[in-house]
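Undergrad: This is start_36.tsv, which holds TSV, C-alpha atoms:
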chain	number	residue	atom	x	y	z
U	26	MET	CA	-70.10	-195.98	-165.24
U	27	LYS	CA	-67.76	-195.87	-168.20
U	28	ARG	CA	-64.20	-196.71	-167.21
U	29	THR	CA	-61.13	-194.80	-168.38
U	30	GLU	CA	-57.47	-195.71	-168.12
U	31	LEU	CA	-55.77	-194.69	-164.90
U	32	PRO	CA	-52.10	-193.67	-165.04
U	33	PRO	CA	-50.05	-196.88	-164.61
U	34	SER	CA	-48.55	-195.79	-161.28
U	35	LEU	CA	-52.06	-195.43	-159.82
U	36	ALA	CA	-53.59	-198.48	-161.47
U	37	ARG	CA	-50.91	-200.69	-159.91
U	38	VAL	CA	-51.82	-199.76	-156.34
U	39	LEU	CA	-55.63	-200.11	-156.51
U	40	LYS	CA	-55.90	-203.80	-155.61
U	41	PRO	CA	-52.95	-203.86	-153.17
U	42	SER	CA	-54.38	-200.88	-151.26
U	43	LEU	CA	-57.73	-202.65	-150.96
U	44	ILE	CA	-56.06	-205.82	-149.69
U	45	VAL	CA	-53.91	-203.94	-147.18
U	46	GLY	CA	-56.91	-201.89	-146.05
U	47	ALA	CA	-59.10	-204.95	-145.51
U	48	GLY	CA	-56.35	-206.74	-143.59
U	49	ALA	CA	-55.64	-203.71	-141.41
U	50	LEU	CA	-59.34	-203.31	-140.61
U	51	LEU	CA	-59.37	-206.92	-139.39
U	52	ALA	CA	-56.42	-206.04	-137.17
U	53	CYS	CA	-58.44	-203.05	-135.92
U	54	ALA	CA	-61.24	-205.42	-134.94
U	55	VAL	CA	-58.78	-207.44	-132.87
U	56	GLY	CA	-57.43	-204.25	-131.30
U	57	GLY	CA	-60.97	-203.18	-130.44
U	58	ILE	CA	-61.51	-206.42	-128.55
U	59	VAL	CA	-58.21	-206.21	-126.68
U	60	ASN	CA	-58.37	-202.52	-125.75
U	61	ALA	CA	-61.58	-200.82	-126.87
U	62	ARG	CA	-60.83	-197.33	-125.53
U	63	ARG	CA	-57.41	-197.04	-127.16
U	64	PHE	CA	-58.74	-198.49	-130.41
U	65	PHE	CA	-61.65	-196.07	-130.73
U	66	GLU	CA	-59.40	-193.09	-130.01
U	67	SER	CA	-56.97	-194.24	-132.71
U	68	TYR	CA	-59.76	-194.98	-135.16
U	69	LEU	CA	-61.38	-191.57	-134.66
U	70	ALA	CA	-58.06	-189.75	-135.22
U	71	ALA	CA	-57.36	-191.69	-138.43
U	72	TYR	CA	-60.95	-191.33	-139.59
U	73	LEU	CA	-60.89	-187.56	-139.23
U	74	LEU	CA	-57.85	-187.38	-141.51
U	75	PHE	CA	-59.49	-189.12	-144.47
U	76	LEU	CA	-62.85	-187.50	-143.88
U	77	GLY	CA	-61.01	-184.17	-143.96
U	78	ILE	CA	-59.44	-185.05	-147.32
U	79	ALA	CA	-62.85	-185.83	-148.82
U	80	LEU	CA	-64.64	-182.81	-147.37
U	81	GLY	CA	-61.75	-180.44	-147.95
U	82	SER	CA	-61.52	-181.52	-151.59
U	83	ASN	CA	-65.20	-180.78	-152.17
U	84	ALA	CA	-64.90	-177.42	-150.41
U	85	MET	CA	-61.92	-176.37	-152.53
U	86	LEU	CA	-63.76	-177.60	-155.62
U	87	MET	CA	-66.58	-175.20	-154.72
U	88	VAL	CA	-64.09	-172.39	-154.13
U	89	HIS	CA	-62.60	-172.94	-157.58
U	90	GLN	CA	-66.06	-173.01	-159.11
U	91	LEU	CA	-66.68	-169.54	-157.68
U	92	VAL	CA	-63.34	-167.86	-158.29
U	93	GLY	CA	-62.01	-169.73	-161.36
U	94	GLY	CA	-58.32	-169.88	-162.21
U	95	ASN	CA	-56.07	-172.29	-164.09
U	96	TRP	CA	-54.95	-173.97	-160.87
U	97	GLY	CA	-58.15	-175.98	-160.61
U	98	ARG	CA	-58.16	-177.74	-163.97
U	99	LEU	CA	-55.38	-180.15	-163.01
U	100	VAL	CA	-56.85	-181.21	-159.67
U	101	ARG	CA	-60.56	-181.06	-160.49
U	102	ARG	CA	-60.91	-184.77	-161.26
U	103	LEU	CA	-58.91	-185.68	-158.17
U	104	GLN	CA	-61.10	-183.47	-156.01
U	105	GLU	CA	-64.30	-184.87	-157.51
U	106	ALA	CA	-63.17	-188.45	-156.88
U	107	ALA	CA	-62.15	-187.62	-153.30
U	108	ALA	CA	-65.50	-185.95	-152.62
U	109	ALA	CA	-67.35	-188.89	-154.19
U	110	SER	CA	-65.84	-191.16	-151.52
U	111	LEU	CA	-68.09	-189.59	-148.85
U	112	PRO	CA	-70.60	-192.50	-148.89
U	113	LEU	CA	-67.69	-194.77	-147.93
U	114	MET	CA	-66.77	-192.38	-145.10
U	115	ALA	CA	-70.37	-192.52	-143.88
U	116	LEU	CA	-70.07	-196.32	-143.77
U	117	LEU	CA	-66.74	-196.15	-141.95
U	118	PHE	CA	-68.34	-193.87	-139.35
U	119	ILE	CA	-70.45	-196.78	-138.05
U	120	PRO	CA	-67.70	-198.26	-135.80
U	121	ILE	CA	-67.51	-194.92	-133.97
U	122	LEU	CA	-71.16	-195.32	-132.97
U	123	PHE	CA	-70.30	-198.56	-131.17
U	124	GLY	CA	-67.56	-196.74	-129.26
U	125	LEU	CA	-69.55	-193.77	-127.96
U	126	PRO	CA	-69.16	-194.73	-124.25
U	127	ASP	CA	-65.41	-195.17	-124.76
U	128	LEU	CA	-64.98	-191.91	-126.66
U	129	TYR	CA	-67.41	-189.52	-124.99
U	130	PRO	CA	-67.97	-189.20	-121.23
U	131	TRP	CA	-71.52	-187.95	-121.75
U	132	ALA	CA	-72.39	-191.30	-123.37
U	133	ASP	CA	-70.95	-193.31	-120.46
U	134	SER	CA	-73.62	-194.43	-117.99
U	135	ARG	CA	-71.12	-194.13	-115.14
U	136	HIS	CA	-71.30	-190.32	-115.49
U	137	ALA	CA	-75.09	-190.16	-115.70
U	138	GLY	CA	-75.35	-188.39	-112.32
U	139	ASP	CA	-72.85	-185.64	-113.15
U	140	PRO	CA	-74.69	-182.26	-113.02
U	141	LEU	CA	-72.73	-180.98	-116.05
U	142	PHE	CA	-73.81	-183.91	-118.19
U	143	GLN	CA	-77.38	-183.64	-117.01
U	144	LEU	CA	-77.43	-179.97	-118.03
U	145	ARG	CA	-76.18	-180.80	-121.54
U	146	ARG	CA	-78.12	-184.03	-121.99
U	147	PRO	CA	-80.79	-182.46	-124.27
U	148	TYR	CA	-78.03	-181.94	-126.84
U	149	LEU	CA	-75.39	-184.52	-125.90
U	150	ASN	CA	-77.23	-187.82	-126.01
U	151	PRO	CA	-76.69	-190.82	-128.34
U	152	PRO	CA	-79.96	-190.63	-130.37
U	153	PHE	CA	-79.57	-186.91	-131.13
U	154	PHE	CA	-75.85	-187.42	-131.81
U	155	LEU	CA	-76.71	-190.09	-134.39
U	156	ALA	CA	-79.44	-187.95	-135.95
U	157	ARG	CA	-77.10	-184.97	-136.34
U	158	ALA	CA	-74.41	-187.18	-137.91
U	159	ALA	CA	-76.97	-188.51	-140.41
U	160	VAL	CA	-77.91	-184.94	-141.37
U	161	TYR	CA	-74.26	-183.94	-141.80
U	162	PHE	CA	-73.49	-186.86	-144.09
U	163	ALA	CA	-76.69	-186.38	-146.09
U	164	ILE	CA	-75.78	-182.75	-146.80
U	165	TRP	CA	-72.16	-183.55	-147.64
U	166	ILE	CA	-72.96	-186.49	-149.90
U	167	VAL	CA	-75.73	-184.71	-151.81
U	168	ALA	CA	-73.55	-181.61	-152.33
U	169	ALA	CA	-70.65	-183.72	-153.66
U	170	TRP	CA	-72.98	-185.75	-155.89
U	171	LEU	CA	-74.56	-182.65	-157.41
U	172	MET	CA	-71.19	-180.99	-158.01
U	173	ARG	CA	-69.98	-184.07	-159.88
U	174	ARG	CA	-73.26	-184.66	-161.76
U	175	TRP	CA	-73.76	-181.10	-162.99
U	176	ALA	CA	-70.11	-180.70	-163.96
U	177	ASN	CA	-70.43	-183.90	-166.00
U	178	HIS	CA	-73.55	-182.57	-167.75
U	179	TYR	CA	-71.85	-179.30	-168.57
U	180	GLU	CA	-68.78	-181.03	-169.97
U	181	GLU	CA	-70.94	-183.25	-172.18
U	182	ASN	CA	-73.15	-180.59	-173.76
U	183	GLY	CA	-71.80	-177.18	-172.70
U	184	GLN	CA	-75.18	-175.88	-171.55
U	185	THR	CA	-74.61	-172.83	-169.34
U	186	ARG	CA	-77.59	-173.66	-167.12
U	187	TYR	CA	-75.42	-176.29	-165.48
U	188	TYR	CA	-72.71	-173.69	-164.93
U	189	THR	CA	-75.31	-171.48	-163.20
U	190	ARG	CA	-76.42	-174.39	-161.05
U	191	LEU	CA	-72.82	-175.11	-160.05
U	192	GLN	CA	-72.28	-171.48	-159.11
U	193	ARG	CA	-75.36	-171.40	-156.91
U	194	LEU	CA	-74.60	-174.76	-155.35
U	195	SER	CA	-71.02	-173.71	-154.59
U	196	ALA	CA	-72.10	-170.45	-152.94
U	197	GLY	CA	-74.74	-172.07	-150.76
U	198	GLY	CA	-72.78	-175.27	-150.33
U	199	LEU	CA	-69.78	-173.53	-148.79
U	200	VAL	CA	-72.05	-171.90	-146.20
U	201	LEU	CA	-73.65	-175.25	-145.37
U	202	TYR	CA	-70.23	-176.88	-145.30
U	203	VAL	CA	-68.84	-174.46	-142.72
U	204	PHE	CA	-72.04	-174.69	-140.68
U	205	THR	CA	-72.23	-178.50	-140.62
U	206	VAL	CA	-68.51	-179.06	-140.10
U	207	SER	CA	-68.56	-176.64	-137.17
U	208	PHE	CA	-71.33	-178.64	-135.50
U	209	ALA	CA	-69.58	-181.91	-136.34
U	210	ALA	CA	-66.39	-180.58	-134.74
U	211	VAL	CA	-68.32	-179.84	-131.56
U	212	ASP	CA	-69.94	-183.28	-131.60
U	213	TRP	CA	-66.96	-185.44	-132.55
U	214	ILE	CA	-63.99	-183.55	-131.09
U	215	MET	CA	-64.93	-180.94	-128.52
U	216	SER	CA	-67.54	-183.04	-126.70
U	217	ARG	CA	-64.81	-185.48	-125.67
U	218	GLU	CA	-64.19	-182.88	-122.96
U	219	PRO	CA	-67.68	-181.47	-122.21
U	220	GLN	CA	-66.30	-178.98	-119.67
U	221	TRP	CA	-64.20	-177.30	-122.37
U	222	PHE	CA	-65.42	-175.16	-125.23
U	223	SER	CA	-63.93	-173.16	-128.07
U	224	THR	CA	-65.80	-170.80	-130.36
U	225	ILE	CA	-63.20	-171.17	-133.11
U	226	ILE	CA	-62.88	-174.95	-133.31
U	227	GLY	CA	-65.28	-175.20	-136.25
U	228	PHE	CA	-63.26	-172.78	-138.37
U	229	LEU	CA	-60.06	-174.51	-137.25
U	230	VAL	CA	-61.36	-177.87	-138.50
U	231	VAL	CA	-62.57	-176.29	-141.76
U	232	ALA	CA	-59.11	-174.83	-142.42
U	233	GLY	CA	-57.49	-178.15	-141.55
U	234	GLN	CA	-59.76	-180.04	-143.93
U	235	ALA	CA	-59.08	-177.63	-146.77
U	236	LEU	CA	-55.35	-178.08	-146.16
U	237	SER	CA	-55.69	-181.88	-146.02
U	238	GLY	CA	-57.72	-181.96	-149.23
U	239	MET	CA	-55.32	-179.75	-151.18
U	240	ALA	CA	-52.22	-181.52	-149.89
U	241	ALA	CA	-53.64	-184.93	-150.86
U	242	VAL	CA	-54.65	-184.01	-154.41
U	243	VAL	CA	-51.44	-182.09	-155.12
U	244	LEU	CA	-49.40	-185.04	-153.84
U	245	LEU	CA	-51.31	-187.41	-156.13
U	246	LEU	CA	-50.94	-184.98	-159.02
U	247	ALA	CA	-47.19	-184.80	-158.43
U	248	LEU	CA	-46.99	-188.60	-158.64
U	249	VAL	CA	-48.71	-188.87	-162.05
U	250	VAL	CA	-48.07	-185.53	-163.74
U	251	ARG	CA	-45.49	-187.04	-166.08
U	252	GLU	CA	-47.83	-189.82	-167.21
U	253	GLU	CA	-50.59	-189.71	-169.82
U	254	PRO	CA	-52.98	-187.99	-170.10
U	255	LEU	CA	-51.42	-185.36	-167.83
U	256	ALA	CA	-47.98	-185.32	-169.47
U	257	GLY	CA	-47.44	-181.87	-170.93
U	258	ALA	CA	-50.70	-180.51	-169.52
U	259	ALA	CA	-49.14	-178.88	-166.45
U	260	SER	CA	-46.75	-175.97	-166.37
U	261	ARG	CA	-44.48	-174.79	-163.61
U	262	GLN	CA	-46.79	-171.82	-163.14
U	263	ASP	CA	-49.65	-174.22	-162.39
U	264	PHE	CA	-47.65	-175.81	-159.59
U	265	ASN	CA	-46.57	-172.39	-158.40
U	266	ASP	CA	-50.25	-171.45	-158.04
U	267	LEU	CA	-51.03	-174.68	-156.19
U	268	GLY	CA	-48.08	-174.04	-153.89
U	269	ASN	CA	-49.39	-170.55	-153.14
U	270	ILE	CA	-52.77	-171.99	-152.18
U	271	LEU	CA	-51.08	-174.48	-149.87
U	272	LEU	CA	-49.07	-171.66	-148.32
U	273	THR	CA	-52.24	-169.65	-147.70
U	274	LEU	CA	-53.95	-172.62	-146.04
U	275	VAL	CA	-50.90	-173.34	-143.85
U	276	ILE	CA	-50.96	-169.74	-142.64
U	277	LEU	CA	-54.74	-169.74	-142.12
U	278	PHE	CA	-54.76	-172.94	-140.09
U	279	SER	CA	-51.76	-171.95	-137.98
U	280	TYR	CA	-53.22	-168.51	-137.31
U	281	MET	CA	-56.49	-169.99	-136.06
U	282	ALA	CA	-54.72	-172.55	-133.88
U	283	PHE	CA	-52.59	-169.80	-132.35
U	284	VAL	CA	-55.58	-167.52	-131.78
U	285	GLN	CA	-57.45	-170.30	-130.00
U	286	PHE	CA	-54.47	-170.95	-127.73
U	287	LEU	CA	-53.85	-167.23	-127.10
U	288	ILE	CA	-57.45	-166.48	-126.16
U	289	GLN	CA	-57.71	-169.45	-123.83
U	290	TRP	CA	-54.32	-168.78	-122.27
U	291	TYR	CA	-55.36	-165.17	-121.69
U	292	GLY	CA	-58.70	-166.25	-120.18
U	293	ASN	CA	-56.90	-168.75	-117.93
U	294	THR	CA	-60.11	-170.49	-116.81
U	295	GLN	CA	-60.23	-173.89	-115.18
U	296	GLU	CA	-61.90	-175.42	-118.24
U	297	ASP	CA	-59.21	-174.14	-120.60
U	298	ILE	CA	-56.45	-175.38	-118.33
U	299	ALA	CA	-58.02	-178.83	-118.22
U	300	TYR	CA	-57.75	-178.99	-122.01
U	301	TYR	CA	-54.25	-177.62	-122.57
U	302	VAL	CA	-52.33	-178.90	-119.53
U	303	PRO	CA	-52.39	-182.59	-120.60
U	304	ARG	CA	-51.19	-181.50	-124.04
U	305	MET	CA	-48.28	-179.53	-122.59
U	306	ARG	CA	-46.82	-182.25	-120.40
U	307	GLY	CA	-44.58	-185.22	-121.04
U	308	GLY	CA	-44.53	-186.66	-124.54
U	309	TRP	CA	-47.50	-184.59	-125.67
U	310	ALA	CA	-45.47	-181.42	-125.18
U	311	TRP	CA	-42.99	-182.76	-127.73
U	312	VAL	CA	-45.86	-183.54	-130.09
U	313	GLY	CA	-47.07	-179.96	-129.71
U	314	ALA	CA	-43.60	-178.65	-130.45
U	315	MET	CA	-43.39	-180.91	-133.51
U	316	LEU	CA	-46.67	-179.46	-134.76
U	317	ILE	CA	-45.35	-175.93	-134.40
U	318	VAL	CA	-42.16	-176.75	-136.30
U	319	PHE	CA	-43.35	-179.15	-139.00
U	320	HIS	CA	-46.98	-178.11	-139.41
U	321	PHE	CA	-46.16	-174.42	-139.73
U	322	PHE	CA	-42.56	-173.24	-139.81
U	323	VAL	CA	-41.01	-175.84	-142.13
U	324	PRO	CA	-43.77	-175.85	-144.80
U	325	PHE	CA	-44.19	-172.08	-144.43
U	326	PHE	CA	-40.57	-171.30	-145.25
U	327	LEU	CA	-40.34	-173.99	-147.92
U	328	LEU	CA	-43.44	-172.69	-149.69
U	329	LEU	CA	-42.15	-169.13	-149.59
U	330	VAL	CA	-39.44	-170.15	-152.05
U	331	ARG	CA	-40.65	-170.03	-155.63
U	332	PHE	CA	-38.16	-172.69	-156.73
U	333	ASN	CA	-39.73	-175.25	-154.35
U	334	LYS	CA	-43.25	-174.60	-155.59
U	335	ARG	CA	-42.23	-175.02	-159.23
U	336	ARG	CA	-40.47	-178.36	-158.71
U	337	VAL	CA	-42.97	-181.21	-158.71
U	338	ARG	CA	-40.98	-183.56	-156.48
U	339	ILE	CA	-40.26	-180.92	-153.87
U	340	LEU	CA	-43.88	-179.77	-153.77
U	341	GLY	CA	-45.03	-183.39	-153.51
U	342	ALA	CA	-42.67	-183.97	-150.57
U	343	ILE	CA	-44.05	-180.88	-148.82
U	344	CYS	CA	-47.58	-182.21	-149.32
U	345	ALA	CA	-46.58	-185.58	-147.88
U	346	LEU	CA	-45.18	-183.81	-144.81
U	347	LEU	CA	-48.37	-181.77	-144.43
U	348	LEU	CA	-50.58	-184.88	-144.60
U	349	PHE	CA	-48.49	-186.62	-141.96
U	350	MET	CA	-48.69	-183.57	-139.70
U	351	ARG	CA	-52.46	-183.42	-140.24
U	352	LEU	CA	-52.61	-186.93	-138.80
U	353	VAL	CA	-50.38	-185.89	-135.90
U	354	ASP	CA	-52.63	-182.91	-135.24
U	355	ASN	CA	-55.72	-185.14	-135.15
U	356	VAL	CA	-53.99	-187.47	-132.70
U	357	TRP	CA	-53.03	-184.46	-130.55
U	358	LEU	CA	-56.66	-183.34	-130.56
U	359	ILE	CA	-58.22	-186.72	-129.76
U	360	VAL	CA	-55.96	-188.95	-127.67
U	361	PRO	CA	-54.93	-186.69	-124.73
U	362	SER	CA	-58.62	-186.03	-123.97
U	363	GLY	CA	-58.86	-189.59	-122.66
U	364	GLN	CA	-55.52	-189.34	-120.86
U	365	GLY	CA	-54.28	-191.99	-123.27
U	366	THR	CA	-51.15	-192.67	-125.27
U	367	VAL	CA	-50.50	-193.57	-128.89
U	368	HIS	CA	-51.55	-197.19	-129.45
U	369	TRP	CA	-50.59	-199.65	-132.18
U	370	THR	CA	-54.16	-199.54	-133.45
U	371	LEU	CA	-53.41	-196.04	-134.77
U	372	ILE	CA	-51.19	-197.56	-137.46
U	373	ALA	CA	-53.78	-200.24	-138.16
U	374	SER	CA	-56.53	-197.63	-138.39
U	375	VAL	CA	-54.55	-195.42	-140.79
U	376	LEU	CA	-53.71	-198.40	-143.01
U	377	GLY	CA	-57.23	-199.81	-142.79
U	378	ILE	CA	-59.21	-196.65	-143.47
U	379	GLY	CA	-56.53	-195.29	-145.80
U	380	GLY	CA	-56.23	-198.47	-147.85
U	381	VAL	CA	-59.96	-198.87	-148.40
U	382	TRP	CA	-60.35	-195.14	-149.05
U	383	LEU	CA	-57.50	-195.08	-151.59
U	384	ALA	CA	-58.90	-198.08	-153.48
U	385	THR	CA	-62.34	-196.44	-153.61
U	386	PHE	CA	-60.83	-193.13	-154.67
U	387	LEU	CA	-58.86	-194.73	-157.50
U	388	TYR	CA	-61.91	-196.64	-158.70
U	389	LEU	CA	-63.95	-193.43	-158.78
U	390	LEU	CA	-61.09	-191.57	-160.45
U	391	GLY	CA	-61.17	-194.10	-163.27
U	392	THR	CA	-64.81	-193.40	-164.11
U	393	ARG	CA	-64.05	-190.14	-165.93
U	394	PRO	CA	-61.16	-188.73	-167.99
U	395	LEU	CA	-58.45	-187.16	-165.86
U	396	LEU	CA	-58.69	-183.89	-167.78
U	397	ALA	CA	-62.03	-182.23	-168.46
U	398	GLN	CA	-62.83	-181.27	-172.04
U	399	ARG	CA	-64.73	-178.26	-170.71
U	400	ASP	CA	-63.93	-176.85	-167.29
U	401	PRO	CA	-67.22	-175.60	-165.80
U	402	ALA	CA	-65.30	-173.18	-163.60
U	403	MET	CA	-63.75	-171.50	-166.64
U	404	VAL	CA	-66.84	-170.89	-168.76
U	405	GLU	CA	-66.55	-167.12	-168.41
U	406	ASP	CA	-63.05	-167.25	-169.86
U	407	GLY	CA	-64.35	-169.02	-172.93
U	408	SER	CA	-63.02	-172.45	-171.91
Spell out the structure here as structure tokens.

TA:
Amino acid sequence: MKRTELPPSLARVLKPSLIVGAGALLACAVGGIVNARRFFESYLAAYLLFLGIALGSNAMLMVHQLVGGNWGRLVRRLQEAAAASLPLMALLFIPILFGLPDLYPWADSRHAGDPLFQLRRPYLNPPFFLARAAVYFAIWIVAAWLMRRWANHYEENGQTRYYTRLQRLSAGGLVLYVFTVSFAAVDWIMSREPQWFSTIIGFLVVAGQALSGMAAVVLLLALVVREEPLAGAASRQDFNDLGNILLTLVILFSYMAFVQFLIQWYGNTQEDIAYYVPRMRGGWAWVGAMLIVFHFFVPFFLLLVRFNKRRVRILGAICALLLFMRLVDNVWLIVPSGQGTVHWTLIASVLGIGGVWLATFLYLLGTRPLLAQRDPAMVEDGS
């Protein structure tokens, strides 16, 4: 792959992020030996954050391919590089397979005689779990690879057949994305408590991933927008549009989270209580309150103000807050299911997965110019 020059602020952090990530992953290995259950819970929560950035970026790339708009031209390369990191995320999923008995009661031989687990064993069993995960990653990786490949072909020669292919892939790919992520949410999150179920969890995870992906690429854009080749390419209206998209995703995610809670509170069944009660007691109640305030109200009101959306530093700070709260939300989803607490391996997992992911992302970002000569999503506008 032909290399291009990364903005200096990004080029400087490529090697350090790889070193920090490798060192933190070694610390994770030590944590897994000392306390396997706490480590795997922490690792899964951190993993879901970065997987969400990669998948959410590809999903929003498909959305832009279908609807067009100037907002996508600045973040397209960032989204493509994030989506191209999915093979790495498939590799980083392997440790989770070694922790199935620690993460999922249905995989623990001590619960083999439980009638509930026996009833669900045809679906919830390690071989089928692994097979489904392989199918998910195959679909996600192929979709991201084709989006990147066909966009590259269109930019090189301008042939509209590649635009048509991208349109069709985006339409079908979004359907497959929602379908596969919904099943993955059931497998990787909801099955930690097999007695509990939610019909909206798939859409909740989809909205969270879209928010994570947009927040990550807008934050990175805010860091380098004053450097070449982006200097002068972005207007305040562009950032205003990106801020509006973030606002929409904040509202969408919060609405779905509230609807899930409202429906289950109204139903008031034993299974629903078993899920929410641990998350509404002690320190987890404060975490829930923090999510309400900083995952919804604070970014919601900040993004309502046009001034904030048009100022790069302010918008970048909002994105940083949203990414942190996405991590907190993942922890709130995963850790209380095992009646656990936040463990030091959470920090190690975030630094380990995040460092390796960031280094891979930056390497992939440097394989193509940061600004496309032809935007395949804007062909109908004559771009």

Undergrad: What's the 9 Å shell around region 161-166 of chain U, counting only C-alpha atoms, without same-chain residues fewer than 5 positions away, as a PyMOL selection string?

TA: chain U and resi 80+83+108-112+114-115+156+171+198+201-202+205-206+208-209

Undergrad: I'd like the interatomic distance between CA of His89 (chain U) and CA of Arg101 (chain U), to a tenth of an Å.

TA: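 Distance between the two atoms: 8.9 Å.
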
Undergrad: Find the residues near region 357-373 of chain U: any atom within 6 Å, counting only C-alpha atoms, skip ones fewer than 2 places away on the same chain, and give them as a PDB file with C-alpha atoms, in the coordinates of the input.

TA:
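Output below, filename around.pdb:
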ATOM      1  CA  ALA U  49     -55.640-203.710-141.410  1.00  0.00           C
ATOM      2  CA  CYS U  53     -58.440-203.050-135.920  1.00  0.00           C
ATOM      3  CA  PHE U  64     -58.740-198.490-130.410  1.00  0.00           C
ATOM      4  CA  GLU U  66     -59.400-193.090-130.010  1.00  0.00           C
ATOM      5  CA  SER U  67     -56.970-194.240-132.710  1.00  0.00           C
ATOM      6  CA  ASP U 354     -52.630-182.910-135.240  1.00  0.00           C
ATOM      7  CA  ASN U 355     -55.720-185.140-135.150  1.00  0.00           C
ATOM      8  CA  VAL U 375     -54.550-195.420-140.790  1.00  0.00           C
ATOM      9  CA  LEU U 376     -53.710-198.400-143.010  1.00  0.00           C
ATOM     10  CA  GLY U 377     -57.230-199.810-142.790  1.00  0.00           C
TER      11      GLY U 377
END

Undergrad: Between CA of Pro303 (chain U) and CA of Ala158 (chain U), what is the distance, to one decimal in Å?

TA: 28.4 Å

Undergrad: In Å, how far is it from CA of Pro147 (chain U) to CA of Phe65 (chain U)?

TA: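 Interatomic distance here is 24.4 Å.
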
Undergrad: If we count only C-alpha atoms, what is near Phe319 (chain U) at a cut-off of 12 Å, once residues fewer than 4 positions away on the same chain are taken out, given as a ChimeraX atom specification?

TA: /U:275,279,311-315,323-327,343-351,353-354

Undergrad: Could you dump the residues just selected with C-alpha atoms as a compact mmCIF listing (two decimals), in the frame of the given file?

TA:
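And here's out.txt as it stands now:
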# COMPACT_ATOMS: atom_id res chain seq x y z
CA VAL U 275 -50.90 -173.34 -143.85
CA SER U 279 -51.76 -171.95 -137.98
CA TRP U 311 -42.99 -182.76 -127.73
CA VAL U 312 -45.86 -183.54 -130.09
CA GLY U 313 -47.07 -179.96 -129.71
CA ALA U 314 -43.60 -178.65 -130.45
CA MET U 315 -43.39 -180.91 -133.51
CA VAL U 323 -41.01 -175.84 -142.13
CA PRO U 324 -43.77 -175.85 -144.80
CA PHE U 325 -44.19 -172.08 -144.43
CA PHE U 326 -40.57 -171.30 -145.25
CA LEU U 327 -40.34 -173.99 -147.92
CA ILE U 343 -44.05 -180.88 -148.82
CA CYS U 344 -47.58 -182.21 -149.32
CA ALA U 345 -46.58 -185.58 -147.88
CA LEU U 346 -45.18 -183.81 -144.81
CA LEU U 347 -48.37 -181.77 -144.43
CA LEU U 348 -50.58 -184.88 -144.60
CA PHE U 349 -48.49 -186.62 -141.96
CA MET U 350 -48.69 -183.57 -139.70
CA ARG U 351 -52.46 -183.42 -140.24
CA VAL U 353 -50.38 -185.89 -135.90
CA ASP U 354 -52.63 -182.91 -135.24

Undergrad: Which residue gives the smallest distance to Leu246 (chain U) among U:Arg399, U:Arg338, U:Arg145, U:Arg63, with all atoms listed in the file counted?

TA: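 Looking only at the distances to Leu246 (chain U), the closest residue turns out to be U:Arg338.
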
Undergrad: Take the point (-65.5, -174.7, -162.0) as written in the file and pick out every residue within 9 Å of it, counting only C-alpha atoms; give the list as a ChimeraX atom specification.

TA: /U:86-94,97-98,101,176,188,191-192,400-404

Undergrad: Residues near Leu155 (chain U), anyone? I mean within 8 Å using all atoms listed in the file, not counting same-chain ones fewer than 4 positions away, as a list in words.

TA: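 Residues near the query, excluding close chain neighbours: Leu122, Pro151 and Ala159 of chain U.
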